[in-house]
$ cat input_30.cif   # mmCIF, N, CA and C atoms
data_run
#
loop_
_atom_site.label_atom_id
_atom_site.label_comp_id
_atom_site.auth_asym_id
_atom_site.auth_seq_id
_atom_site.Cartn_x
_atom_site.Cartn_y
_atom_site.Cartn_z
N GLN B 1 6.37 8.03 11.62
CA GLN B 1 6.59 8.02 10.18
C GLN B 1 6.87 6.61 9.69
N VAL B 2 6.52 6.40 8.45
CA VAL B 2 6.78 5.13 7.78
C VAL B 2 7.59 5.40 6.53
N GLN B 3 8.65 4.64 6.37
CA GLN B 3 9.45 4.75 5.16
C GLN B 3 9.18 3.53 4.28
N LEU B 4 9.05 3.78 3.00
CA LEU B 4 8.80 2.72 2.03
C LEU B 4 9.93 2.70 1.02
N VAL B 5 10.49 1.53 0.81
CA VAL B 5 11.56 1.37 -0.17
C VAL B 5 11.13 0.35 -1.20
N GLU B 6 11.06 0.81 -2.45
CA GLU B 6 10.62 -0.05 -3.54
C GLU B 6 11.82 -0.49 -4.37
N SER B 7 11.68 -1.64 -4.99
CA SER B 7 12.71 -2.13 -5.90
C SER B 7 12.07 -3.07 -6.91
N GLY B 8 12.83 -3.36 -7.96
CA GLY B 8 12.39 -4.36 -8.92
C GLY B 8 11.93 -3.83 -10.26
N GLY B 9 11.86 -2.54 -10.43
CA GLY B 9 11.47 -2.01 -11.72
C GLY B 9 12.56 -2.20 -12.75
N GLY B 10 12.22 -1.88 -14.00
CA GLY B 10 13.21 -2.00 -15.06
C GLY B 10 12.57 -2.05 -16.43
N LEU B 11 13.38 -2.46 -17.38
CA LEU B 11 12.95 -2.56 -18.78
C LEU B 11 12.70 -4.02 -19.14
N VAL B 12 11.57 -4.28 -19.73
CA VAL B 12 11.22 -5.65 -20.10
C VAL B 12 10.47 -5.63 -21.42
N GLN B 13 10.60 -6.71 -22.16
CA GLN B 13 9.89 -6.83 -23.43
C GLN B 13 8.43 -7.22 -23.20
N PRO B 14 7.57 -6.91 -24.15
CA PRO B 14 6.17 -7.36 -24.02
C PRO B 14 6.11 -8.87 -23.83
N GLY B 15 5.24 -9.28 -22.92
CA GLY B 15 5.12 -10.69 -22.59
C GLY B 15 6.03 -11.14 -21.47
N GLY B 16 6.93 -10.27 -21.07
CA GLY B 16 7.88 -10.61 -20.01
C GLY B 16 7.30 -10.42 -18.62
N SER B 17 8.16 -10.62 -17.63
CA SER B 17 7.75 -10.56 -16.23
C SER B 17 8.70 -9.69 -15.42
N LEU B 18 8.15 -9.09 -14.40
CA LEU B 18 8.93 -8.36 -13.41
C LEU B 18 8.29 -8.58 -12.05
N ARG B 19 9.09 -8.46 -11.02
CA ARG B 19 8.56 -8.53 -9.67
C ARG B 19 8.99 -7.29 -8.90
N LEU B 20 8.01 -6.58 -8.39
CA LEU B 20 8.28 -5.40 -7.58
C LEU B 20 8.21 -5.76 -6.11
N SER B 21 9.05 -5.10 -5.34
CA SER B 21 9.07 -5.32 -3.90
C SER B 21 9.01 -4.00 -3.17
N CYS B 22 8.32 -3.99 -2.05
CA CYS B 22 8.22 -2.78 -1.22
C CYS B 22 8.36 -3.19 0.23
N ALA B 23 9.30 -2.55 0.91
CA ALA B 23 9.53 -2.83 2.32
C ALA B 23 9.21 -1.59 3.14
N ALA B 24 8.40 -1.77 4.16
CA ALA B 24 8.02 -0.65 5.04
C ALA B 24 8.78 -0.75 6.34
N SER B 25 9.20 0.40 6.85
CA SER B 25 9.88 0.45 8.13
C SER B 25 9.50 1.72 8.86
N GLY B 26 9.73 1.70 10.16
CA GLY B 26 9.41 2.86 10.98
C GLY B 26 8.98 2.42 12.36
N ASN B 27 9.32 3.22 13.34
CA ASN B 27 9.02 2.86 14.72
C ASN B 27 7.52 2.71 14.97
N ILE B 28 6.73 3.44 14.22
CA ILE B 28 5.29 3.41 14.45
C ILE B 28 4.71 2.02 14.16
N LEU B 29 5.41 1.26 13.34
CA LEU B 29 4.91 -0.07 12.97
C LEU B 29 4.93 -1.04 14.15
N SER B 30 5.69 -0.72 15.17
CA SER B 30 5.70 -1.58 16.36
C SER B 30 4.46 -1.32 17.22
N ILE B 31 3.75 -0.24 16.91
CA ILE B 31 2.55 0.11 17.67
C ILE B 31 1.29 -0.15 16.84
N TYR B 32 1.34 0.30 15.59
CA TYR B 32 0.18 0.17 14.73
C TYR B 32 0.50 -0.77 13.55
N PRO B 33 -0.34 -1.75 13.31
CA PRO B 33 -0.10 -2.64 12.17
C PRO B 33 -0.50 -1.98 10.86
N ILE B 34 0.09 -2.48 9.80
CA ILE B 34 -0.30 -2.01 8.47
C ILE B 34 -1.63 -2.67 8.11
N ARG B 35 -2.61 -1.86 7.79
CA ARG B 35 -3.93 -2.42 7.47
C ARG B 35 -4.04 -2.84 6.02
N THR B 36 -3.53 -2.01 5.15
CA THR B 36 -3.56 -2.36 3.72
C THR B 36 -2.24 -1.96 3.07
N MET B 37 -1.85 -2.73 2.10
CA MET B 37 -0.70 -2.40 1.27
C MET B 37 -1.17 -2.49 -0.17
N ALA B 38 -0.66 -1.61 -0.98
CA ALA B 38 -1.16 -1.56 -2.35
C ALA B 38 -0.08 -1.07 -3.30
N TRP B 39 -0.31 -1.37 -4.55
CA TRP B 39 0.50 -0.83 -5.63
C TRP B 39 -0.38 0.04 -6.51
N TYR B 40 0.12 1.20 -6.81
CA TYR B 40 -0.50 2.12 -7.75
C TYR B 40 0.49 2.35 -8.90
N ARG B 41 -0.02 2.93 -9.95
CA ARG B 41 0.89 3.29 -11.04
C ARG B 41 0.40 4.57 -11.70
N GLN B 42 1.35 5.24 -12.32
CA GLN B 42 1.03 6.47 -13.03
C GLN B 42 1.82 6.51 -14.32
N ALA B 43 1.10 6.49 -15.42
CA ALA B 43 1.71 6.59 -16.73
C ALA B 43 1.81 8.06 -17.13
N PRO B 44 2.71 8.40 -18.04
CA PRO B 44 2.86 9.79 -18.46
C PRO B 44 1.54 10.37 -18.96
N GLY B 45 1.17 11.51 -18.43
CA GLY B 45 -0.04 12.19 -18.86
C GLY B 45 -1.33 11.61 -18.30
N LYS B 46 -1.21 10.65 -17.42
CA LYS B 46 -2.40 10.02 -16.86
C LYS B 46 -2.42 10.17 -15.34
N GLN B 47 -3.60 9.95 -14.77
CA GLN B 47 -3.73 10.01 -13.33
C GLN B 47 -3.20 8.73 -12.70
N ARG B 48 -2.80 8.84 -11.45
CA ARG B 48 -2.36 7.66 -10.71
C ARG B 48 -3.56 6.75 -10.50
N GLU B 49 -3.35 5.45 -10.70
CA GLU B 49 -4.45 4.50 -10.57
C GLU B 49 -4.04 3.32 -9.71
N SER B 50 -5.02 2.73 -9.07
CA SER B 50 -4.77 1.55 -8.25
C SER B 50 -4.56 0.34 -9.14
N VAL B 51 -3.57 -0.45 -8.79
CA VAL B 51 -3.27 -1.68 -9.52
C VAL B 51 -3.73 -2.90 -8.74
N ALA B 52 -3.30 -2.97 -7.48
CA ALA B 52 -3.64 -4.13 -6.65
C ALA B 52 -3.52 -3.73 -5.19
N THR B 53 -4.37 -4.36 -4.38
CA THR B 53 -4.40 -4.07 -2.95
C THR B 53 -4.48 -5.37 -2.18
N ILE B 54 -3.84 -5.40 -1.02
CA ILE B 54 -3.94 -6.55 -0.14
C ILE B 54 -4.11 -6.05 1.29
N THR B 55 -5.03 -6.68 2.02
CA THR B 55 -5.25 -6.30 3.40
C THR B 55 -4.39 -7.16 4.32
N SER B 56 -4.35 -6.78 5.57
CA SER B 56 -3.58 -7.57 6.53
C SER B 56 -4.16 -8.96 6.69
N GLY B 57 -5.43 -9.11 6.35
CA GLY B 57 -6.07 -10.42 6.42
C GLY B 57 -5.88 -11.26 5.18
N GLY B 58 -5.24 -10.67 4.17
CA GLY B 58 -4.93 -11.42 2.96
C GLY B 58 -5.93 -11.24 1.82
N ASP B 59 -6.93 -10.41 2.03
CA ASP B 59 -7.88 -10.15 0.95
C ASP B 59 -7.21 -9.29 -0.12
N THR B 60 -7.44 -9.64 -1.36
CA THR B 60 -6.82 -8.93 -2.47
C THR B 60 -7.86 -8.34 -3.41
N ASN B 61 -7.43 -7.32 -4.11
CA ASN B 61 -8.30 -6.69 -5.10
C ASN B 61 -7.40 -6.20 -6.23
N TYR B 62 -7.87 -6.37 -7.45
CA TYR B 62 -7.07 -6.00 -8.62
C TYR B 62 -7.85 -5.11 -9.57
N ALA B 63 -7.15 -4.25 -10.25
CA ALA B 63 -7.75 -3.52 -11.35
C ALA B 63 -8.07 -4.51 -12.46
N ASP B 64 -9.16 -4.27 -13.16
CA ASP B 64 -9.58 -5.21 -14.20
C ASP B 64 -8.48 -5.42 -15.24
N VAL B 65 -7.73 -4.39 -15.54
CA VAL B 65 -6.74 -4.48 -16.62
C VAL B 65 -5.54 -5.35 -16.27
N VAL B 66 -5.39 -5.71 -14.99
CA VAL B 66 -4.25 -6.55 -14.61
C VAL B 66 -4.67 -7.91 -14.08
N LYS B 67 -5.97 -8.13 -13.93
CA LYS B 67 -6.45 -9.41 -13.40
C LYS B 67 -5.96 -10.56 -14.27
N GLY B 68 -5.47 -11.59 -13.58
CA GLY B 68 -4.97 -12.75 -14.30
C GLY B 68 -3.52 -12.63 -14.72
N ARG B 69 -2.97 -11.43 -14.62
CA ARG B 69 -1.57 -11.22 -15.02
C ARG B 69 -0.69 -10.83 -13.83
N PHE B 70 -1.25 -10.05 -12.91
CA PHE B 70 -0.49 -9.58 -11.75
C PHE B 70 -0.97 -10.29 -10.50
N THR B 71 -0.03 -10.50 -9.58
CA THR B 71 -0.36 -11.11 -8.29
C THR B 71 0.29 -10.31 -7.18
N ILE B 72 -0.51 -9.89 -6.22
CA ILE B 72 0.02 -9.17 -5.06
C ILE B 72 0.10 -10.13 -3.88
N SER B 73 1.16 -10.01 -3.11
CA SER B 73 1.30 -10.83 -1.91
C SER B 73 2.00 -9.99 -0.85
N GLY B 74 1.74 -10.37 0.39
CA GLY B 74 2.31 -9.60 1.49
C GLY B 74 2.84 -10.48 2.59
N ASP B 75 3.77 -9.94 3.34
CA ASP B 75 4.32 -10.62 4.51
C ASP B 75 4.15 -9.67 5.68
N ASN B 76 3.16 -9.94 6.51
CA ASN B 76 2.86 -9.03 7.62
C ASN B 76 4.02 -8.93 8.61
N ALA B 77 4.71 -10.03 8.83
CA ALA B 77 5.81 -10.04 9.79
C ALA B 77 6.97 -9.18 9.32
N LYS B 78 7.18 -9.16 8.02
CA LYS B 78 8.31 -8.40 7.46
C LYS B 78 7.87 -7.05 6.92
N ASN B 79 6.57 -6.78 6.95
CA ASN B 79 6.05 -5.51 6.41
C ASN B 79 6.49 -5.28 4.97
N THR B 80 6.34 -6.31 4.19
CA THR B 80 6.71 -6.21 2.78
C THR B 80 5.52 -6.60 1.90
N VAL B 81 5.52 -6.06 0.71
CA VAL B 81 4.50 -6.41 -0.27
C VAL B 81 5.19 -6.59 -1.61
N LEU B 82 4.78 -7.62 -2.32
CA LEU B 82 5.34 -7.93 -3.63
C LEU B 82 4.26 -7.79 -4.69
N LEU B 83 4.69 -7.48 -5.88
CA LEU B 83 3.79 -7.47 -7.02
C LEU B 83 4.47 -8.25 -8.14
N GLN B 84 3.97 -9.44 -8.40
CA GLN B 84 4.47 -10.25 -9.51
C GLN B 84 3.68 -9.87 -10.76
N MET B 85 4.40 -9.42 -11.76
CA MET B 85 3.75 -8.96 -12.99
C MET B 85 4.17 -9.87 -14.14
N ASN B 86 3.22 -10.56 -14.71
CA ASN B 86 3.47 -11.45 -15.84
C ASN B 86 2.74 -10.95 -17.08
N SER B 87 3.14 -11.47 -18.20
CA SER B 87 2.48 -11.12 -19.48
C SER B 87 2.35 -9.61 -19.64
N LEU B 88 3.44 -8.94 -19.40
CA LEU B 88 3.41 -7.48 -19.43
C LEU B 88 3.09 -6.94 -20.82
N LEU B 89 2.34 -5.86 -20.81
CA LEU B 89 1.91 -5.20 -22.04
C LEU B 89 2.56 -3.82 -22.14
N LEU B 90 2.58 -3.29 -23.34
CA LEU B 90 3.14 -1.95 -23.52
C LEU B 90 2.46 -0.94 -22.61
N GLU B 91 1.16 -1.11 -22.45
CA GLU B 91 0.40 -0.15 -21.65
C GLU B 91 0.61 -0.30 -20.14
N ASP B 92 1.41 -1.28 -19.73
CA ASP B 92 1.77 -1.39 -18.31
C ASP B 92 2.92 -0.45 -17.95
N THR B 93 3.49 0.19 -18.95
CA THR B 93 4.58 1.13 -18.70
C THR B 93 4.10 2.27 -17.82
N ALA B 94 4.79 2.48 -16.70
CA ALA B 94 4.39 3.50 -15.75
C ALA B 94 5.40 3.53 -14.61
N VAL B 95 5.26 4.54 -13.77
CA VAL B 95 5.95 4.53 -12.49
C VAL B 95 5.02 3.85 -11.49
N TYR B 96 5.54 2.85 -10.82
CA TYR B 96 4.74 2.08 -9.87
C TYR B 96 5.09 2.54 -8.45
N TYR B 97 4.05 2.79 -7.67
CA TYR B 97 4.20 3.29 -6.32
C TYR B 97 3.61 2.31 -5.31
N CYS B 98 4.31 2.14 -4.24
CA CYS B 98 3.82 1.37 -3.10
C CYS B 98 3.07 2.34 -2.19
N ARG B 99 1.97 1.88 -1.63
CA ARG B 99 1.14 2.69 -0.74
C ARG B 99 0.71 1.84 0.44
N VAL B 100 0.87 2.38 1.65
CA VAL B 100 0.41 1.66 2.84
C VAL B 100 -0.42 2.59 3.69
N VAL B 101 -1.31 1.99 4.47
CA VAL B 101 -2.14 2.74 5.40
C VAL B 101 -1.81 2.26 6.81
N VAL B 102 -1.39 3.18 7.65
CA VAL B 102 -1.04 2.87 9.03
C VAL B 102 -1.72 3.89 9.93
N SER B 103 -2.53 3.41 10.84
CA SER B 103 -3.23 4.28 11.77
C SER B 103 -3.96 5.40 11.02
N ASN B 104 -4.63 5.00 9.95
CA ASN B 104 -5.44 5.92 9.13
C ASN B 104 -4.62 6.97 8.39
N ARG B 105 -3.33 6.80 8.32
CA ARG B 105 -2.49 7.70 7.52
C ARG B 105 -1.96 6.93 6.32
N VAL B 106 -1.85 7.65 5.22
CA VAL B 106 -1.40 7.05 3.97
C VAL B 106 0.04 7.44 3.71
N TYR B 107 0.83 6.46 3.36
CA TYR B 107 2.24 6.68 3.05
C TYR B 107 2.53 6.14 1.65
N TRP B 108 3.38 6.87 0.93
CA TRP B 108 3.73 6.50 -0.45
C TRP B 108 5.23 6.27 -0.57
N GLY B 109 5.58 5.32 -1.42
CA GLY B 109 6.98 5.14 -1.77
C GLY B 109 7.39 6.15 -2.83
N GLN B 110 8.65 6.09 -3.18
CA GLN B 110 9.19 7.07 -4.13
C GLN B 110 8.90 6.70 -5.57
N GLY B 111 8.49 5.48 -5.80
CA GLY B 111 8.15 5.03 -7.15
C GLY B 111 9.30 4.30 -7.81
N THR B 112 8.95 3.35 -8.65
CA THR B 112 9.94 2.62 -9.43
C THR B 112 9.43 2.50 -10.86
N GLN B 113 10.30 2.77 -11.81
CA GLN B 113 9.89 2.81 -13.21
C GLN B 113 9.82 1.41 -13.79
N VAL B 114 8.71 1.13 -14.45
CA VAL B 114 8.55 -0.10 -15.23
C VAL B 114 8.32 0.32 -16.67
N THR B 115 9.18 -0.16 -17.55
CA THR B 115 9.07 0.17 -18.97
C THR B 115 8.95 -1.13 -19.77
N VAL B 116 7.86 -1.24 -20.49
CA VAL B 116 7.64 -2.40 -21.35
C VAL B 116 7.82 -1.93 -22.79
N SER B 117 8.84 -2.48 -23.43
CA SER B 117 9.17 -2.01 -24.78
C SER B 117 9.88 -3.12 -25.55
N SER B 118 9.63 -3.15 -26.83
CA SER B 118 10.32 -4.12 -27.68
C SER B 118 11.56 -3.47 -28.31
#
$ encode --input "input_30.cif" --output "structure tokens"
Amino acid sequence: QVQLVESGGGLVQPGGSLRLSCAASGNILSIYPIRTMAWYRQAPGKQRESVATITSGGDTNYADVVKGRFTISGDNAKNTVLLQMNSLLLEDTAVYYCRVVVSNRVYWGQGTQVTVSS
């Protein structure tokens, strides 16, 4: 099993910044490396969507709506992934979830609320 602990959500004004952090732990990680780490989000009444992904090799991918504003980074040694969110918009309001893939299994964090409001 893999446990994911997210932090960094909160309330911010439009144009502000937040940084989300996700730390993965579990005995299985000593055997199988994390292949991809990602952030997803789900706004009220909407489906969960991918925000940003990073592979163990450092390749990144972003949703078009966050390109140029969000930056994903990872630390393979610490099994952590960060999401730096700048120039936040009202429509970025959502619950943000960390997602990792280990040995072809998908694990999700509990989610952290990000609210962008004036």
$ closest_residue --input "input_30.cif" --among "B:Ile72, B:Val106, B:Val101, B:Val51" --to "B:Gln84" --atoms "all atoms listed in the file"
B:Ile72
$ residues_around --input "input_30.cif" --residues "B:Asn61" --least-positions-apart "6" --cutoff "7 Å" --atoms "only C-alpha atoms" --output "list in words"
Ala52, Thr53 and Ile54 of chain B
$ residues_around --input "input_30.cif" --residues "B:Val81" --least-positions-apart "6" --cutoff "8 Å" --atoms "only C-alpha atoms" --output "list of chain:residue names"
B:Ser21, B:Cys22, B:Ala23, B:Met37, B:Ala38, B:Ile72, B:Ser73, B:Gly74, B:Asp75
$ residues_around --input "input_30.cif" --residues "stretch 39-41 of chain B" --least-positions-apart "4" --cutoff "7 Å" --atoms "only N, CA and C atoms" --output "ChimeraX atom specification"
/B:47-54,94-99
$ atom_distance --input "input_30.cif" --atom1 "atom CA of B:Val116" --atom2 "atom CA of B:Ser17"
9.6 Å
$ residues_around --input "input_30.cif" --residues "B:Asp92" --least-positions-apart "5" --cutoff "8 Å" --atoms "only N, CA and C atoms" --output "mmCIF file with N, CA and C atoms, in the coordinates of the input"
data_model
loop_
_atom_site.group_PDB
_atom_site.id
_atom_site.type_symbol
_atom_site.label_atom_id
_atom_site.label_comp_id
_atom_site.auth_asym_id
_atom_site.auth_seq_id
_atom_site.Cartn_x
_atom_site.Cartn_y
_atom_site.Cartn_z
ATOM 1 N N GLN B 42 1.350 5.240 -12.320
ATOM 2 C CA GLN B 42 1.030 6.470 -13.030
ATOM 3 C C GLN B 42 1.820 6.510 -14.320
ATOM 4 N N ALA B 43 1.100 6.490 -15.420
ATOM 5 C CA ALA B 43 1.710 6.590 -16.730
ATOM 6 C C ALA B 43 1.810 8.060 -17.130
ATOM 7 N N VAL B 114 8.710 1.130 -14.450
ATOM 8 C CA VAL B 114 8.550 -0.100 -15.230
ATOM 9 C C VAL B 114 8.320 0.320 -16.670
ATOM 10 N N THR B 115 9.180 -0.160 -17.550
ATOM 11 C CA THR B 115 9.070 0.170 -18.970
ATOM 12 C C THR B 115 8.950 -1.130 -19.770
ATOM 13 N N VAL B 116 7.860 -1.240 -20.490
ATOM 14 C CA VAL B 116 7.640 -2.400 -21.350
ATOM 15 C C VAL B 116 7.820 -1.930 -22.790
#
$ residues_around --input "input_30.cif" --residues "B:Ser25" --least-positions-apart "3" --cutoff "6.5 Å" --atoms "only N, CA and C atoms" --output "PyMOL selection string"
chain B and resi 1-5+28-29
$ atom_distance --input "input_30.cif" --atom1 "atom N of B:Met85" --atom2 "atom CA of B:Val12"
11.4 Å
$ resolve_selection --input "input_30.cif" --expression "the PyMOL selection byres ((chain B and resi 117) around 8)" --output "list of chain:residue names"
B:Gly10, B:Leu11, B:Val12, B:Gln13, B:Pro14, B:Gly15, B:Leu88, B:Leu89, B:Leu90, B:Glu91, B:Thr93, B:Val114, B:Thr115, B:Val116, B:Ser118
$ select_by_dssp --input "input_30.cif" --residues "chain B" --states "strand (DSSP E)" --output "ChimeraX atom specification"
/B:3-7,10-12,18-25,34-42,49-55,60-62,70-75,80-85,94-102,105-108,112-116
$ axis_aligned_box --input "input_30.cif" --around "stretch 51-62 of chain B" --padding-each-side "3 Å" --output "lines of an AutoDock Vina configuration file"
center_x = -5.8
center_y = -5.9
center_z = -1.4
size_x = 11.0
size_y = 17.0
size_z = 22.3
$ atom_distance --input "input_30.cif" --atom1 "atom N of B:Gly9" --atom2 "atom CA of B:Tyr62"
19.3 Å
$ residues_near_point --input "input_30.cif" --point "(-1.6, -3.4, 12.2)" --cutoff "8 Å" --atoms "all atoms listed in the file" --output "VMD selection string"
chain B and resid 29 31 to 36 56 101 to 103
$ write_last_selection --input "input_30.cif" --atoms "N, CA and C atoms" --output "PDB file, in the frame of the given file"
ATOM      1  N   LEU B  29       5.410   1.260  13.340  1.00  0.00           N
ATOM      2  CA  LEU B  29       4.910  -0.070  12.970  1.00  0.00           C
ATOM      3  C   LEU B  29       4.930  -1.040  14.150  1.00  0.00           C
ATOM      4  N   ILE B  31       3.750  -0.240  16.910  1.00  0.00           N
ATOM      5  CA  ILE B  31       2.550   0.110  17.670  1.00  0.00           C
ATOM      6  C   ILE B  31       1.290  -0.150  16.840  1.00  0.00           C
ATOM      7  N   TYR B  32       1.340   0.300  15.590  1.00  0.00           N
ATOM      8  CA  TYR B  32       0.180   0.170  14.730  1.00  0.00           C
ATOM      9  C   TYR B  32       0.500  -0.770  13.550  1.00  0.00           C
ATOM     10  N   PRO B  33      -0.340  -1.750  13.310  1.00  0.00           N
ATOM     11  CA  PRO B  33      -0.100  -2.640  12.170  1.00  0.00           C
ATOM     12  C   PRO B  33      -0.500  -1.980  10.860  1.00  0.00           C
ATOM     13  N   ILE B  34       0.090  -2.480   9.800  1.00  0.00           N
ATOM     14  CA  ILE B  34      -0.300  -2.010   8.470  1.00  0.00           C
ATOM     15  C   ILE B  34      -1.630  -2.670   8.110  1.00  0.00           C
ATOM     16  N   ARG B  35      -2.610  -1.860   7.790  1.00  0.00           N
ATOM     17  CA  ARG B  35      -3.930  -2.420   7.470  1.00  0.00           C
ATOM     18  C   ARG B  35      -4.040  -2.840   6.020  1.00  0.00           C
ATOM     19  N   THR B  36      -3.530  -2.010   5.150  1.00  0.00           N
ATOM     20  CA  THR B  36      -3.560  -2.360   3.720  1.00  0.00           C
ATOM     21  C   THR B  36      -2.240  -1.960   3.070  1.00  0.00           C
ATOM     22  N   SER B  56      -4.350  -6.780   5.570  1.00  0.00           N
ATOM     23  CA  SER B  56      -3.580  -7.570   6.530  1.00  0.00           C
ATOM     24  C   SER B  56      -4.160  -8.960   6.690  1.00  0.00           C
ATOM     25  N   VAL B 101      -1.310   1.990   4.470  1.00  0.00           N
ATOM     26  CA  VAL B 101      -2.140   2.740   5.400  1.00  0.00           C
ATOM     27  C   VAL B 101      -1.810   2.260   6.810  1.00  0.00           C
ATOM     28  N   VAL B 102      -1.390   3.180   7.650  1.00  0.00           N
ATOM     29  CA  VAL B 102      -1.040   2.870   9.030  1.00  0.00           C
ATOM     30  C   VAL B 102      -1.720   3.890   9.930  1.00  0.00           C
ATOM     31  N   SER B 103      -2.530   3.410  10.840  1.00  0.00           N
ATOM     32  CA  SER B 103      -3.230   4.280  11.770  1.00  0.00           C
ATOM     33  C   SER B 103      -3.960   5.400  11.020  1.00  0.00           C
TER      34      SER B 103
END
$ select_by_dssp --input "input_30.cif" --residues "chain B" --states "helix (DSSP H, G or I)" --output "JSON, numbers by chain"
{"B": [27, 28, 29, 30, 64, 65, 66, 90, 91, 92]}
$ decode --input "input_30.cif" --residues "stretch 46-111 of chain B" --atoms "C-alpha atoms" --output "short mmCIF file (atom, residue, chain, number, x, y, z; two decimals), in the first residue's frame"
data_model
loop_
_atom_site.label_atom_id
_atom_site.label_comp_id
_atom_site.auth_asym_id
_atom_site.auth_seq_id
_atom_site.Cartn_x
_atom_site.Cartn_y
_atom_site.Cartn_z
CA LYS B 46 -17.67 18.65 -12.48
CA GLN B 47 -15.64 15.57 -13.26
CA ARG B 48 -12.17 15.09 -11.87
CA GLU B 49 -9.58 16.34 -14.34
CA SER B 50 -5.85 16.09 -14.74
CA VAL B 51 -3.91 19.24 -13.92
CA ALA B 52 -0.27 18.26 -14.22
CA THR B 53 1.82 15.12 -14.41
CA ILE B 54 5.48 14.36 -13.90
CA THR B 55 7.30 11.13 -14.63
CA SER B 56 10.21 9.68 -12.71
CA GLY B 57 12.39 10.89 -15.57
CA GLY B 58 11.22 14.45 -15.11
CA ASP B 59 8.92 14.74 -18.11
CA THR B 60 5.97 16.99 -17.39
CA ASN B 61 2.57 17.53 -18.91
CA TYR B 62 0.00 20.20 -18.12
CA ALA B 63 -3.63 20.84 -18.84
CA ASP B 64 -3.98 23.70 -21.29
CA VAL B 65 -5.89 25.80 -18.76
CA VAL B 66 -2.96 25.86 -16.32
CA LYS B 67 0.00 26.07 -18.71
CA GLY B 68 2.23 28.98 -17.87
CA ARG B 69 0.67 29.38 -14.43
CA PHE B 70 1.29 26.06 -12.66
CA THR B 71 4.55 24.19 -12.24
CA ILE B 72 4.87 20.58 -11.12
CA SER B 73 8.09 19.27 -9.64
CA GLY B 74 9.11 16.06 -7.98
CA ASP B 75 11.76 14.63 -5.71
CA ASN B 76 12.24 10.94 -6.46
CA ALA B 77 14.42 10.38 -3.40
CA LYS B 78 11.80 11.82 -1.06
CA ASN B 79 8.78 10.56 -3.01
CA THR B 80 7.25 13.99 -3.00
CA VAL B 81 5.56 16.10 -5.64
CA LEU B 82 4.86 19.81 -5.52
CA LEU B 83 2.47 21.95 -7.47
CA GLN B 84 3.29 25.65 -7.57
CA MET B 85 0.19 27.56 -8.61
CA ASN B 86 0.54 31.18 -9.65
CA SER B 87 -1.88 33.71 -11.10
CA LEU B 88 -4.77 31.79 -9.66
CA LEU B 89 -8.20 32.29 -11.19
CA LEU B 90 -11.66 31.88 -9.74
CA GLU B 91 -12.11 28.80 -11.89
CA ASP B 92 -9.12 27.12 -10.23
CA THR B 93 -11.30 26.57 -7.18
CA ALA B 94 -11.51 22.83 -6.59
CA VAL B 95 -10.40 19.97 -4.44
CA TYR B 96 -6.92 19.01 -5.59
CA TYR B 97 -5.85 15.38 -5.43
CA CYS B 98 -2.43 13.81 -5.61
CA ARG B 99 -2.21 10.64 -7.69
CA VAL B 100 0.69 8.22 -8.03
CA VAL B 101 1.23 5.04 -10.00
CA VAL B 102 3.28 2.30 -8.37
CA SER B 103 3.66 -1.14 -9.91
CA ASN B 104 0.72 -0.40 -12.22
CA ARG B 105 -1.57 0.47 -9.32
CA VAL B 106 -3.08 3.89 -8.87
CA TYR B 107 -3.20 5.58 -5.49
CA TRP B 108 -5.05 8.77 -4.57
CA GLY B 109 -4.61 11.25 -1.78
CA GLN B 110 -7.48 12.50 0.31
CA GLY B 111 -7.62 15.86 -1.43
#
